[in-house]
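Contents: one structure, followed by commentary.
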Protein chains: 4
Amino acid sequence: MTVEELTVGLIGAGRIGRLHAHHLTTRIPRARLLVVADASAVAAEACARDYCVPRFCSDYREVLADPQIAAVLICSPTSTHAQLIEEAAHAGKHIFCEKPLALDLAAIDRALAAVAQAGVKLQTGFNRRFDTNFRRVRQAVEQGEIGLPLMLHITSRDPAPPPVAYLQVSGGLFLDMTIHDFDMARFLLGSEVEEVFALAHSLNEPEIASAGDVAHAAVMLRFTSGAIATISNSRRASYGYDQRVELFGSEGSIAIDNAYPNTAIVSDRRGVRRDLPLYFFMERYAESFAAELQAFVQAVLDDRPVPVSGFDGRVPVAIALAAQRSLHEHRPVSLREVA
Amino acid sequence: MTVEELTVGLIGAGRIGRLHAHHLTTRIPRARLLVVADASAVAAEACARDYCVPRFCSDYREVLADPQIAAVLICSPTSTHAQLIEEAAHAGKHIFCEKPLALDLAAIDRALAAVAQAGVKLQTGFNRRFDTNFRRVRQAVEQGEIGLPLMLHITSRDPAPPPVAYLQVSGGLFLDMTIHDFDMARFLLGSEVEEVFALAHSLNEPEIASAGDVAHAAVMLRFTSGAIATISNSRRASYGYDQRVELFGSEGSIAIDNAYPNTAIVSDRRGVRRDLPLYFFMERYAESFAAELQAFVQAVLDDRPVPVSGFDGRVPVAIALAAQRSLHEHRPVSLREVA
Amino acid sequence: MTVEELTVGLIGAGRIGRLHAHHLTTRIPRARLLVVADASAVAAEACARDYCVPRFCSDYREVLADPQIAAVLICSPTSTHAQLIEEAAHAGKHIFCEKPLALDLAAIDRALAAVAQAGVKLQTGFNRRFDTNFRRVRQAVEQGEIGLPLMLHITSRDPAPPPVAYLQVSGGLFLDMTIHDFDMARFLLGSEVEEVFALAHSLNEPEIASAGDVAHAAVMLRFTSGAIATISNSRRASYGYDQRVELFGSEGSIAIDNAYPNTAIVSDRRGVRRDLPLYFFMERYAESFAAELQAFVQAVLDDRPVPVSGFDGRVPVAIALAAQRSLHEHRPVSLREVA
Amino acid sequence: MTVEELTVGLIGAGRIGRLHAHHLTTRIPRARLLVVADASAVAAEACARDYCVPRFCSDYREVLADPQIAAVLICSPTSTHAQLIEEAAHAGKHIFCEKPLALDLAAIDRALAAVAQAGVKLQTGFNRRFDTNFRRVRQAVEQGEIGLPLMLHITSRDPAPPPVAYLQVSGGLFLDMTIHDFDMARFLLGSEVEEVFALAHSLNEPEIASAGDVAHAAVMLRFTSGAIATISNSRRASYGYDQRVELFGSEGSIAIDNAYPNTAIVSDRRGVRRDLPLYFFMERYAESFAAELQAFVQAVLDDRPVPVSGFDGRVPVAIALAAQRSLHEHRPVSLREVA
C-alpha cells in the first residue's frame, strides 16, 4: 500500500545532515522532516530553526521512540552508524545511512541482520550513483551503447586533504575516499570484484604520511565478468575536484568530464583557458544528494526496493579492506580473503 | 530601512507564473507569496494549491487592493503588461514584470512615468543576465580580462517555432525572440545601440512566412562605443536550443558554449559524440529565473536599484522596432528614428 | 590526352613563391620546376639553389618564351598579376596565379579574356578551399548532412596587422583580407552574393586608421539562394590566427575550430588551458598550399577544369568593392552596382 | 668534426622501410639515401624506383660492405634486428634500428656490446617520443609546469588486431604493443621502472586467445621516483586508434587527446559529434617518423648523443618480460628479476 507522506527524523546535524534537511524541506514534497537530533543541542536547534523543522533534541533515542516517525536519516559520525542502524531497525524505522556503514565488516553484518529481521528498508548514501554524468555512463552500459564492458578507468581526486586529525580516524584513503570509486565501479560494470591490487605513495605529502595514511594511490580491480578497472586517487589536486571515468567496451567507449561553473573559454596572448571545475563535492554533487533522498522517499512510500542497498554499502568496505591488505602485503588480494 | 520579508502577489498563473511561484516558495526565504491571481480561477487555484499559496482570485484588482501585498509579479499576457504596471504603480506596489514590457513605446513610456511618479521599483524579466555563462562574459568585460570590447557575435536559436496562432500575435521575431539578444548585447557591451541593420528570410518555413513573420534573421548593431554586434537568429534549430555568444576584445576573446545535460562523450565506430544541449529555456535557464527573482526581492527589501530597470525593458523594444523598419525599408536605421 | 609530367616556371621568389617551390619539388612528383624568375636575381638564385631548380633568371619573359615550360606560377606582387596573366596566356602557358587577381575588375576582365582566347587554364590561389577543415564543411553541404544552408558565420582574424607601408598599397581590409572570406562564403554555400552591407571601425588602432584602412569589420552578405552570411574580421587578435566558420542548415549545423599545435590540456590552480592556435597562415594552411598546387597540376595534366577558376578569382574582388562602397555610402550595395 | 651529408643505406623495404625512404628523400636534406636492400629484390627495386634511390640489392651485406655508406636503417623483421646491429657495428656503420631491438635481452646485450665496442651510434625507433603531443607532455615535466610527477595514465589501443599469423610471432601484446607505452612512461617520467603488475583478458576475442595472446590488458608500474603509472591497452577499439596520456603532478595535470582529421563539429537532431580520430599509426604519427629520422641524422653528423639510445631500446623489452611474468605468476614482478 502506498502512503501519502513520509515522516522523517534526522540524526546528525553536521554539514551533510544540514544538506539533507535543506533538500527534504524544499525539494521533496512527499517527505516531512519532523525532528532533528544531534548530540550538540545547539547544532540540532540551529538546523531545526534554519530549515523550519518543528522539533529538535540532543538524544537520538527520542527520535527512535517517536511513533510518528517512519524513517530516519543517519548522518552522525561513521563510528556510530552501525549501532544506530541496529537500533533504528529494532524501532521499526526505515533507514537512510551515510557511507560508510562502518569501518569493519562484522559491525556491518550485525546491522544488516537487524535490518533484515525488522523488515525495514536501508539505503546507503552513495550519492554519486545519482549524478547525471555517472548515470549517463550506467545508461550506456544498460542500453548496450558501448557493447560489453571491458576496461574501466576512474580518476578521483580531492582538491585538498582533510585535517590530520580527521585523517587519523578516517580509516585511511581506501575506506574514506576510494570507497566511492569502489561503489562506482560495481555500479557501472554491474559485476562483482574478485581481486584487488593496490600501490600508493605520499610523495610531497609528509603530513599525510606521518598521519599513517597515503596521499596518492592506484588500484586495480578484477571483476567476475572478466572486466578490469583501474583507479587513480589523490588527496590533493591543485586544480580542484577531479571526478571522471572512462568505460571502454567492445562497441565503443564513454567518458565523462568534470563539471564546470560555466562554459566560457577565454583566449588571450597567454593561451586558451577556462575556469577551474566546481571546487568540491557540495557543489559538484549538489543535485545527486537531492536525487538520492528523493529515491529513498519514493522507495519507502511505494514499498519498492531501495536503489542502493545495505549490501551495496557492505561490499565497498570489503574491497577497501582488501586494498589495504594488498598495499601492506604487496600482492593481489582476493575479496574472499577479507569478506 | 530594511524590512524582514517581502509579501508578494502573483498575477498570471501560466507556465512562467508557475515557475516563479515555485522559486518564490522554495528558494527565496525572504519572500512570501500570499496570493495568486489569474483570469482563469481554475489556473489560479491549481497554482495556489501546488505551491501552498494561501489565497487565489480571478481578479488581479484584489491583489492590487490588498494592503498586505508589497510587490507584484506580472506574468500575464504581453498585451496587459503596460496597463498592469500602471495600475500596480498607482497602488504603490513594487513590480517585477515579464518581458517585453509592451510592443509599443508609447505604452511603455506611460507605464514608466507611472512607476516614476509612484516611486516604486520596476524590474524587467530579462532573466538571461543572471545565467552563469552570460554573467561570466560580463565579468570578463568588467574586469578588463579581454580589454576593450570590439566585436560581439550572438547566436540565438530556438528548437522549434511556436504555434502559428502565437506567431501572429507575438509582434514578430525581433520583438518576441531577438529582444533577449538586444538586451544581452547592451548588457555585455555596457553601451547603447545607435544603429540597426537587419536581413531575414524564411527558407524552408512556409508556415512562418504565411503568418507574416520571418524564420531566420541576421542583425547588425552599431554601438556608441564604436563596437559592432552581429546576431544570428533562427526559429528552428534541429539540434535544440542554441544560445551562445563570443565577445572579441583588444586583449582577448571570451566565448560561451551551450549547456548540456551531461559531460559524457561516446566514441564508437560512427564517430565521437555527445548528447544534445538542454532542450529549451525552462531547462537551460532554470537557475537564472530563480536568481533574477532573488535579486528583485533583495533590491526591494534593501531599497537598492533593481539590476534590470524599466529603462532596460524599454530599449530592446526600440531596437526591435528599428530592426523591423530596417528589414522593411532595407537600410540601416538609426535608433533615434524610432525612439 | 594525359601527359606524364608538368613542366613549371615560377615567377616571383618571395615568401609564397618559395613555399610553392618547396611543395613542387618535394611533394608533387608529376610536376617539374625548371626555372625561377624574380626581378631580384639574388632572390631567384637563392630560391633555385635552395630547392634544386636547374635555372633562374631576373626577367620573367625568359620563362614565358621558353617552349619547354607548360605552366607558370605567378607569385609576384598583386599589381603585376593581371598583366602577367595576359602575357602568359598569349604565350600559351597554363597559369596558377596568387590572389587577388587584381584590385580592379577591368584589369581582371582583360586577363580573363586573354585566358579564354588562348584556351589555357587559369587557377586562382584561394588555398583555404583545400584546407581539411573547410573542405569538411563543404562536404557536409554537398552530402546534405546539414540540409539546406541557411546562415553562415565566418570569423577571420589575423594575429597582427601588416606594416603600415603594406597597408597603404594593400587595397584595404576587404580586398586584402576579407577577400578570402568572400571566396569561402561562395565556396561553402555554393551560391552567388547579391548584396553586401559592411560596418567597420579602428578602435584602439590609430596607426591603421591613419593609413586609411579599418582594423575591425563586420560584413553581411545576402546570397541568391536566400542564405545570409556574416563575417567578423580583425587585423589583430591577441591570441593569434583565428579562422573559423559555422554553417547553420535546416537539418543541422557544422562548425570548425582553429588548428592547434598540440592537443594538450594543462590544469593547474589558475585554470584549465591549452596552448595558442597555430600562429599564422604559413603554419595553419601549410597542407592546403600543397594541395591546391597538386590539384592544379592534375587538372592541367588530365585536362580537366581547375578547381578554382578565373571567375572564382574575379567575384570576390567584386564583393570587396561592393563592401567598400557599402562602408563609404552606409547602405546595402547590390553586387550589380559594381560588377 | 661535422660532415656535410650523411650517406645512408636502408635494410628492409617493407611498410616502415618505405616510409623512412620517403622521409629521407623529401624531408631531410642532410641525408642521402644511396641504396635499398631487401631479401625480396622486387621490393628493393620498387622502393628504389619510387623514391629515386640510385641502387638496390637483395643482400644487406652489400650495404654493410660499401665504404661509401656511413649509416644504416634497419627495418627488417624483428627476429633479424640484433644480428644486423652486430654486423653493422662491426662494419663501422651508425645504426638506426626499428623497435623492438629483439625479443630477448641476451640478444640485445650482445648487440649493444658490439655497438659499444665499435664506437658507432645506435638509435632505437621509438618514434612516439617525437610526436608533438607527447613532446608537449615531456616539456611540461621538464619545465616544472605540473610540479613533481605523481601518477601517469596511458591509454593505448589499436583499431583492430593484426592477423593471427602475426600475433603468433609478435612476442605477445606486451612486447609488440605495450612496449611503446613502457618507453613512453620512462620518457615522460624521466625515471626507471622498479616493478610491474599486469592483468589481462580476451573477452570477446576468442581468436586472439587461441593465438596464445591477450586482447586487453592493464599494467601498473612503480618507478624509482615513487611515481606510479597505469596503462590500459586493447587490440581493438571500435572507434579507431586511441593514444592518450594524462600525467598528474603536484602542481597540476597535463592530458593529451587523440589527433583528428579535422576540427569540425556537426550538430543535428541525433547529437553533437565529430569524425573519428586518425585511423592508425601511419596517419597519427606521420610527422614523428620524419622527426626521429631527422634527429638521428643530426646526431650522427654533429657527433652528439642520439635522443633514443640502445639502452632505451633494451629497457622496455625488460619491462615487457616482467609484465609477462607478472601475468603468468599473478604477482608484482621486480624488474631486477628479469633484467
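Ligands are numbered from 1 in the order shown, residues from 1 within each chain, and chains are lettered A, B, ... in the order they appear in the C-alpha cells.
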DSSP says alpha helix (DSSP H) for which residues of range 11-252 of chain C? Put them as a ChimeraX atom specification? /C:15-26,41-50,60-65,78-90,105-118,132-142,164-169,173,179-189,206-210
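Residues from chain C that have an atom within 6 Å of chain A, counting only C-alpha atoms, are Ser238, Tyr239, Ser267, Asp268, Arg269, Gly271, Val272, Arg273, Arg274, Asp275 and Leu276 of chain C.
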Written file, previous selection with all heavy atoms, as a JSON list (two decimals), in the first residue's frame:
```
[["chain", "number", "residue", "atom", "x", "y", "z"],
["C", 238, "SER", "N", 44.72, 39.10, -30.25],
["C", 238, "SER", "CA", 45.83, 38.94, -29.31],
["C", 238, "SER", "C", 46.23, 37.47, -29.14],
["C", 238, "SER", "O", 47.36, 37.17, -28.81],
["C", 238, "SER", "CB", 45.44, 39.51, -27.95],
["C", 238, "SER", "OG", 44.28, 38.85, -27.48],
["C", 239, "TYR", "N", 45.30, 36.58, -29.40],
["C", 239, "TYR", "CA", 45.56, 35.15, -29.20],
["C", 239, "TYR", "C", 46.01, 34.45, -30.48],
["C", 239, "TYR", "O", 46.16, 33.22, -30.49],
["C", 239, "TYR", "CB", 44.31, 34.46, -28.64],
["C", 239, "TYR", "CG", 43.06, 34.80, -29.43],
["C", 239, "TYR", "CD1", 42.69, 34.05, -30.52],
["C", 239, "TYR", "CD2", 42.28, 35.90, -29.09],
["C", 239, "TYR", "CE1", 41.56, 34.37, -31.25],
["C", 239, "TYR", "CE2", 41.15, 36.23, -29.82],
["C", 239, "TYR", "CZ", 40.80, 35.46, -30.89],
["C", 239, "TYR", "OH", 39.67, 35.79, -31.62],
["C", 267, "SER", "N", 45.92, 21.56, -16.56],
["C", 267, "SER", "CA", 45.06, 22.02, -15.45],
["C", 267, "SER", "C", 45.96, 22.35, -14.27],
["C", 267, "SER", "O", 46.72, 21.49, -13.83],
["C", 267, "SER", "CB", 44.09, 20.91, -15.03],
["C", 267, "SER", "OG", 43.30, 20.49, -16.12],
["C", 268, "ASP", "N", 45.85, 23.56, -13.79],
["C", 268, "ASP", "CA", 46.57, 23.87, -12.56],
["C", 268, "ASP", "C", 45.73, 24.84, -11.74],
["C", 268, "ASP", "O", 44.56, 25.07, -12.07],
["C", 268, "ASP", "CB", 47.99, 24.39, -12.83],
["C", 268, "ASP", "CG", 48.00, 25.68, -13.60],
["C", 268, "ASP", "OD1", 46.96, 26.39, -13.62],
["C", 268, "ASP", "OD2", 49.04, 26.01, -14.20],
["C", 269, "ARG", "N", 46.31, 25.40, -10.70],
["C", 269, "ARG", "CA", 45.45, 26.16, -9.79],
["C", 269, "ARG", "C", 44.88, 27.42, -10.44],
["C", 269, "ARG", "O", 43.92, 28.00, -9.94],
["C", 269, "ARG", "CB", 46.22, 26.50, -8.49],
["C", 269, "ARG", "CG", 47.31, 27.50, -8.65],
["C", 269, "ARG", "CD", 48.27, 27.56, -7.47],
["C", 269, "ARG", "NE", 49.58, 27.97, -7.95],
["C", 269, "ARG", "CZ", 49.89, 29.21, -8.31],
["C", 269, "ARG", "NH1", 48.99, 30.17, -8.23],
["C", 269, "ARG", "NH2", 51.10, 29.49, -8.76],
["C", 271, "GLY", "N", 43.66, 27.53, -13.68],
["C", 271, "GLY", "CA", 42.62, 27.24, -14.67],
["C", 271, "GLY", "C", 42.97, 26.02, -15.50],
["C", 271, "GLY", "O", 43.92, 25.30, -15.21],
["C", 272, "VAL", "N", 42.16, 25.80, -16.51],
["C", 272, "VAL", "CA", 42.34, 24.68, -17.43],
["C", 272, "VAL", "C", 42.63, 25.30, -18.78],
["C", 272, "VAL", "O", 41.81, 26.06, -19.30],
["C", 272, "VAL", "CB", 41.07, 23.82, -17.47],
["C", 272, "VAL", "CG1", 41.18, 22.74, -18.52],
["C", 272, "VAL", "CG2", 40.78, 23.23, -16.10],
["C", 273, "ARG", "N", 43.80, 25.00, -19.37],
["C", 273, "ARG", "CA", 44.17, 25.77, -20.55],
["C", 273, "ARG", "C", 44.89, 24.93, -21.61],
["C", 273, "ARG", "O", 45.39, 23.86, -21.34],
["C", 273, "ARG", "CB", 45.06, 26.93, -20.14],
["C", 273, "ARG", "CG", 46.39, 26.49, -19.59],
["C", 273, "ARG", "CD", 47.27, 27.67, -19.22],
["C", 273, "ARG", "NE", 48.63, 27.21, -19.00],
["C", 273, "ARG", "CZ", 49.09, 26.67, -17.88],
["C", 273, "ARG", "NH1", 48.29, 26.53, -16.84],
["C", 273, "ARG", "NH2", 50.32, 26.24, -17.79],
["C", 274, "ARG", "N", 44.92, 25.48, -22.81],
["C", 274, "ARG", "CA", 45.72, 24.86, -23.87],
["C", 274, "ARG", "C", 46.57, 25.94, -24.54],
["C", 274, "ARG", "O", 46.33, 27.13, -24.38],
["C", 274, "ARG", "CB", 44.85, 24.15, -24.88],
["C", 274, "ARG", "CG", 43.99, 25.03, -25.75],
["C", 274, "ARG", "CD", 43.17, 24.20, -26.73],
["C", 274, "ARG", "NE", 44.04, 23.33, -27.50],
["C", 274, "ARG", "CZ", 43.62, 22.46, -28.41],
["C", 274, "ARG", "NH1", 42.33, 22.33, -28.62],
["C", 274, "ARG", "NH2", 44.47, 21.71, -29.09],
["C", 275, "ASP", "N", 47.55, 25.49, -25.29],
["C", 275, "ASP", "CA", 48.43, 26.43, -26.00],
["C", 275, "ASP", "C", 47.65, 27.19, -27.07],
["C", 275, "ASP", "O", 46.59, 26.75, -27.52],
["C", 275, "ASP", "CB", 49.60, 25.66, -26.65],
["C", 275, "ASP", "CG", 50.53, 25.07, -25.60],
["C", 275, "ASP", "OD1", 50.52, 25.54, -24.45],
["C", 275, "ASP", "OD2", 51.26, 24.13, -25.94],
["C", 276, "LEU", "N", 48.19, 28.30, -27.51],
["C", 276, "LEU", "CA", 47.54, 29.11, -28.54],
["C", 276, "LEU", "C", 47.45, 28.37, -29.86],
["C", 276, "LEU", "O", 48.25, 27.48, -30.14],
["C", 276, "LEU", "CB", 48.35, 30.41, -28.74],
["C", 276, "LEU", "CG", 48.20, 31.42, -27.60],
["C", 276, "LEU", "CD1", 49.13, 32.60, -27.81],
["C", 276, "LEU", "CD2", 46.77, 31.91, -27.52]]
```
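Between CA of Leu327 in chain C and CA of Ala198 in chain C the interatomic distance comes to 5.3 Å.
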Please return, as a VMD selection string, all residues of range 67-301 of chain A that DSSP assigns to strand (DSSP E or B) on the basis of the backbone. chain A and resid 71 to 74 94 to 97 122 to 124 149 to 157 193 to 201 216 to 223 228 to 234 242 to 249 252 to 256 265 to 268 271 to 274
Would you kindly return, as a list of chain:residue names, each protein, DNA or RNA residue with an atom no farther than 9 Å from any atom of Ala88 in chain B, considering only C-alpha atoms and excluding same-chain residues fewer than 4 positions away? B:Arg61, B:Leu64, B:Ala71, B:Val72, B:Gln83, B:Leu84, B:Gly92, B:Lys93, B:His94, B:Ile95, B:Val115
List as an mmCIF file with N, CA and C atoms, in the first residue's frame the protein and nucleic acid residues near range 171-186 of chain D, meaning an atom at most 8 Å away when only C-alpha atoms are counted, but skip any in the same chain fewer than 2 places from it.
```
data_model
loop_
_atom_site.group_PDB
_atom_site.id
_atom_site.type_symbol
_atom_site.label_atom_id
_atom_site.label_comp_id
_atom_site.auth_asym_id
_atom_site.auth_seq_id
_atom_site.Cartn_x
_atom_site.Cartn_y
_atom_site.Cartn_z
ATOM 1 N N PRO D 100 60.995 -3.627 -31.726
ATOM 2 C CA PRO D 100 61.917 -3.794 -30.614
ATOM 3 C C PRO D 100 63.273 -4.279 -31.120
ATOM 4 N N LEU D 103 63.492 -9.747 -29.036
ATOM 5 C CA LEU D 103 62.507 -10.193 -28.045
ATOM 6 C C LEU D 103 63.176 -10.802 -26.817
ATOM 7 N N PHE D 126 61.821 4.480 -31.348
ATOM 8 C CA PHE D 126 60.613 4.834 -30.585
ATOM 9 C C PHE D 126 60.141 6.210 -31.043
ATOM 10 N N ARG D 128 57.306 7.699 -31.147
ATOM 11 C CA ARG D 128 56.272 8.495 -30.459
ATOM 12 C C ARG D 128 56.862 9.603 -29.604
ATOM 13 N N ARG D 129 58.118 9.411 -29.175
ATOM 14 C CA ARG D 129 58.762 10.477 -28.406
ATOM 15 C C ARG D 129 58.832 11.783 -29.197
ATOM 16 N N LEU D 152 50.764 8.612 -13.623
ATOM 17 C CA LEU D 152 50.650 8.672 -15.087
ATOM 18 C C LEU D 152 49.629 7.635 -15.535
ATOM 19 N N ILE D 154 48.255 5.932 -19.140
ATOM 20 C CA ILE D 154 48.409 5.830 -20.595
ATOM 21 C C ILE D 154 47.283 4.981 -21.157
ATOM 22 N N SER D 156 46.219 3.229 -24.647
ATOM 23 C CA SER D 156 46.872 2.867 -25.910
ATOM 24 C C SER D 156 46.122 1.694 -26.525
ATOM 25 N N LEU D 167 50.203 -12.366 -34.897
ATOM 26 C CA LEU D 167 50.106 -12.454 -33.428
ATOM 27 C C LEU D 167 50.991 -13.563 -32.884
ATOM 28 N N GLN D 168 51.030 -14.674 -33.622
ATOM 29 C CA GLN D 168 51.750 -15.835 -33.113
ATOM 30 C C GLN D 168 53.259 -15.620 -33.038
ATOM 31 N N VAL D 169 53.778 -14.696 -33.832
ATOM 32 C CA VAL D 169 55.235 -14.446 -33.798
ATOM 33 C C VAL D 169 55.561 -13.073 -33.214
ATOM 34 N N LEU D 188 58.407 10.093 -20.296
ATOM 35 C CA LEU D 188 57.655 11.196 -19.694
ATOM 36 C C LEU D 188 58.042 11.415 -18.239
ATOM 37 N N LEU D 189 58.243 10.327 -17.501
ATOM 38 C CA LEU D 189 58.538 10.463 -16.076
ATOM 39 C C LEU D 189 60.020 10.720 -15.823
ATOM 40 N N GLY D 190 60.878 10.381 -16.775
ATOM 41 C CA GLY D 190 62.310 10.556 -16.546
ATOM 42 C C GLY D 190 62.796 9.742 -15.371
ATOM 43 N N SER D 191 62.252 8.546 -15.227
ATOM 44 C CA SER D 191 62.613 7.683 -14.103
ATOM 45 C C SER D 191 62.567 6.236 -14.585
ATOM 46 N N GLU D 192 63.142 5.325 -13.784
ATOM 47 C CA GLU D 192 63.186 3.925 -14.206
ATOM 48 C C GLU D 192 62.152 3.083 -13.474
ATOM 49 N N VAL D 193 61.649 2.076 -14.174
ATOM 50 C CA VAL D 193 60.655 1.172 -13.598
ATOM 51 C C VAL D 193 61.329 0.232 -12.603
ATOM 52 N N GLY D 212 47.147 -17.559 -28.379
ATOM 53 C CA GLY D 212 48.042 -17.565 -27.219
ATOM 54 C C GLY D 212 48.338 -16.183 -26.679
ATOM 55 N N ASP D 213 47.623 -15.179 -27.176
ATOM 56 C CA ASP D 213 47.879 -13.812 -26.709
ATOM 57 C C ASP D 213 46.663 -13.305 -25.918
ATOM 58 N N VAL D 214 46.775 -12.103 -25.397
ATOM 59 C CA VAL D 214 45.649 -11.460 -24.713
ATOM 60 C C VAL D 214 45.222 -10.234 -25.519
ATOM 61 N N ALA D 215 43.935 -9.882 -25.394
ATOM 62 C CA ALA D 215 43.399 -8.793 -26.219
ATOM 63 C C ALA D 215 43.385 -7.462 -25.492
ATOM 64 N N ALA D 229 52.523 4.419 -12.649
ATOM 65 C CA ALA D 229 51.855 4.537 -13.947
ATOM 66 C C ALA D 229 50.869 3.395 -14.123
ATOM 67 N N ILE D 231 48.545 1.597 -17.276
ATOM 68 C CA ILE D 231 48.419 1.532 -18.737
ATOM 69 C C ILE D 231 47.178 0.722 -19.074
ATOM 70 N N ASN D 233 45.467 -1.066 -22.285
ATOM 71 C CA ASN D 233 45.682 -1.470 -23.678
ATOM 72 C C ASN D 233 44.504 -2.241 -24.239
ATOM 73 N N ASP D 312 67.831 2.654 -24.174
ATOM 74 C CA ASP D 312 66.389 2.958 -24.245
ATOM 75 C C ASP D 312 65.636 1.890 -25.033
ATOM 76 N N VAL D 315 65.493 -1.408 -22.267
ATOM 77 C CA VAL D 315 64.693 -1.401 -21.033
ATOM 78 C C VAL D 315 63.232 -1.785 -21.263
ATOM 79 N N PRO D 316 62.551 -1.224 -22.275
ATOM 80 C CA PRO D 316 61.143 -1.607 -22.471
ATOM 81 C C PRO D 316 60.963 -3.100 -22.733
ATOM 82 N N VAL D 317 61.964 -3.750 -23.345
ATOM 83 C CA VAL D 317 61.873 -5.200 -23.527
ATOM 84 C C VAL D 317 61.900 -5.889 -22.161
ATOM 85 N N ILE D 319 60.901 -4.582 -19.339
ATOM 86 C CA ILE D 319 59.617 -4.322 -18.671
ATOM 87 C C ILE D 319 58.536 -5.250 -19.225
ATOM 88 N N ALA D 320 58.561 -5.436 -20.540
ATOM 89 C CA ALA D 320 57.571 -6.317 -21.164
ATOM 90 C C ALA D 320 57.726 -7.748 -20.659
ATOM 91 N N LEU D 321 58.959 -8.189 -20.502
ATOM 92 C CA LEU D 321 59.185 -9.543 -19.983
ATOM 93 C C LEU D 321 58.695 -9.652 -18.544
ATOM 94 N N ALA D 323 56.281 -7.893 -17.297
ATOM 95 C CA ALA D 323 54.816 -7.880 -17.372
ATOM 96 C C ALA D 323 54.287 -9.267 -17.719
ATOM 97 N N GLN D 324 54.956 -9.926 -18.647
ATOM 98 C CA GLN D 324 54.552 -11.301 -18.993
ATOM 99 C C GLN D 324 54.626 -12.206 -17.770
#
```
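Distance annotation: of C:Ala48, C:Val308, C:Glu337, C:Leu33, the residue with the minimal separation from Ala295 in chain C is C:Val308; atom set is only C-alpha atoms.
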What separates CA of Pro163 in chain C and CA of Ser250 in chain B is a distance of 18.5 Å
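For the pair CA of Ala44 in chain A and CA of Ala89 in chain A, the interatomic distance is 22.5 Å.
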Selection: 8 Å around Val35 in chain D, only C-alpha atoms, excl. self and same-chain fewer than 3 positions, as a list in words: Val8, Gly9, Leu10, Ala48, Val53, Pro54, Arg55, Phe56, Cys57 and Val63 of chain D
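Distances from B:Pro77, B:Glu205, B:Ser58, B:Arg135 to Thr263 in chain A were compared using only C-alpha atoms, and the smallest one belongs to B:Arg135.
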With only C-alpha atoms as the counted atoms, please give the residues lying no more than 9 Å from Ala91 in chain A, apart from itself and same-chain residues fewer than 3 positions off, as a PDB file with all heavy atoms, in the first residue's frame.
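Printed below is part.pdb as written:
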```
ATOM      1  N   LEU A  64      13.930   7.746  17.773  1.00  0.00           N
ATOM      2  CA  LEU A  64      13.595   6.335  17.532  1.00  0.00           C
ATOM      3  C   LEU A  64      12.325   5.928  18.281  1.00  0.00           C
ATOM      4  O   LEU A  64      11.585   5.039  17.835  1.00  0.00           O
ATOM      5  CB  LEU A  64      14.768   5.435  17.944  1.00  0.00           C
ATOM      6  CG  LEU A  64      16.085   5.663  17.179  1.00  0.00           C
ATOM      7  CD1 LEU A  64      17.125   4.617  17.590  1.00  0.00           C
ATOM      8  CD2 LEU A  64      15.864   5.592  15.673  1.00  0.00           C
ATOM      9  N   ALA A  65      12.099   6.577  19.408  1.00  0.00           N
ATOM     10  CA  ALA A  65      10.936   6.211  20.221  1.00  0.00           C
ATOM     11  C   ALA A  65       9.644   6.868  19.722  1.00  0.00           C
ATOM     12  O   ALA A  65       8.550   6.486  20.149  1.00  0.00           O
ATOM     13  CB  ALA A  65      11.182   6.621  21.679  1.00  0.00           C
ATOM     14  N   PRO A  67       6.594   7.395  17.710  1.00  0.00           N
ATOM     15  CA  PRO A  67       5.806   6.543  16.790  1.00  0.00           C
ATOM     16  C   PRO A  67       5.381   7.284  15.529  1.00  0.00           C
ATOM     17  O   PRO A  67       5.030   6.664  14.536  1.00  0.00           O
ATOM     18  CB  PRO A  67       4.584   6.154  17.636  1.00  0.00           C
ATOM     19  CG  PRO A  67       4.494   7.215  18.694  1.00  0.00           C
ATOM     20  CD  PRO A  67       5.878   7.691  18.967  1.00  0.00           C
ATOM     21  N   GLU A  86      21.207  -0.582  13.780  1.00  0.00           N
ATOM     22  CA  GLU A  86      20.607  -1.669  14.565  1.00  0.00           C
ATOM     23  C   GLU A  86      19.435  -1.162  15.394  1.00  0.00           C
ATOM     24  O   GLU A  86      18.337  -1.732  15.379  1.00  0.00           O
ATOM     25  CB  GLU A  86      21.658  -2.273  15.506  1.00  0.00           C
ATOM     26  CG  GLU A  86      22.530  -3.315  14.832  1.00  0.00           C
ATOM     27  CD  GLU A  86      23.359  -4.085  15.869  1.00  0.00           C
ATOM     28  OE1 GLU A  86      22.802  -4.958  16.557  1.00  0.00           O
ATOM     29  OE2 GLU A  86      24.569  -3.765  15.986  1.00  0.00           O
ATOM     30  N   GLU A  87      19.678  -0.068  16.113  1.00  0.00           N
ATOM     31  CA  GLU A  87      18.625   0.452  16.991  1.00  0.00           C
ATOM     32  C   GLU A  87      17.418   0.942  16.199  1.00  0.00           C
ATOM     33  O   GLU A  87      16.263   0.707  16.587  1.00  0.00           O
ATOM     34  CB  GLU A  87      19.175   1.592  17.868  1.00  0.00           C
ATOM     35  CG  GLU A  87      20.216   1.112  18.866  1.00  0.00           C
ATOM     36  CD  GLU A  87      20.666   2.227  19.811  1.00  0.00           C
ATOM     37  OE1 GLU A  87      19.819   3.058  20.196  1.00  0.00           O
ATOM     38  OE2 GLU A  87      21.871   2.272  20.132  1.00  0.00           O
ATOM     39  N   ALA A  88      17.697   1.614  15.103  1.00  0.00           N
ATOM     40  CA  ALA A  88      16.601   2.124  14.288  1.00  0.00           C
ATOM     41  C   ALA A  88      15.782   0.966  13.715  1.00  0.00           C
ATOM     42  O   ALA A  88      14.550   1.020  13.647  1.00  0.00           O
ATOM     43  CB  ALA A  88      17.145   3.008  13.167  1.00  0.00           C
ATOM     44  N   ALA A 118      14.043  -6.956  11.001  1.00  0.00           N
ATOM     45  CA  ALA A 118      12.966  -5.991  11.219  1.00  0.00           C
ATOM     46  C   ALA A 118      12.119  -5.777   9.971  1.00  0.00           C
ATOM     47  O   ALA A 118      11.025  -5.229  10.034  1.00  0.00           O
ATOM     48  CB  ALA A 118      13.555  -4.656  11.679  1.00  0.00           C
TER      49      ALA A 118
END
```
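Distance check against Val141 in chain A using only C-alpha atoms: of A:Val338, A:Val300, A:Leu247, A:Met282, the minimum falls on A:Leu247.
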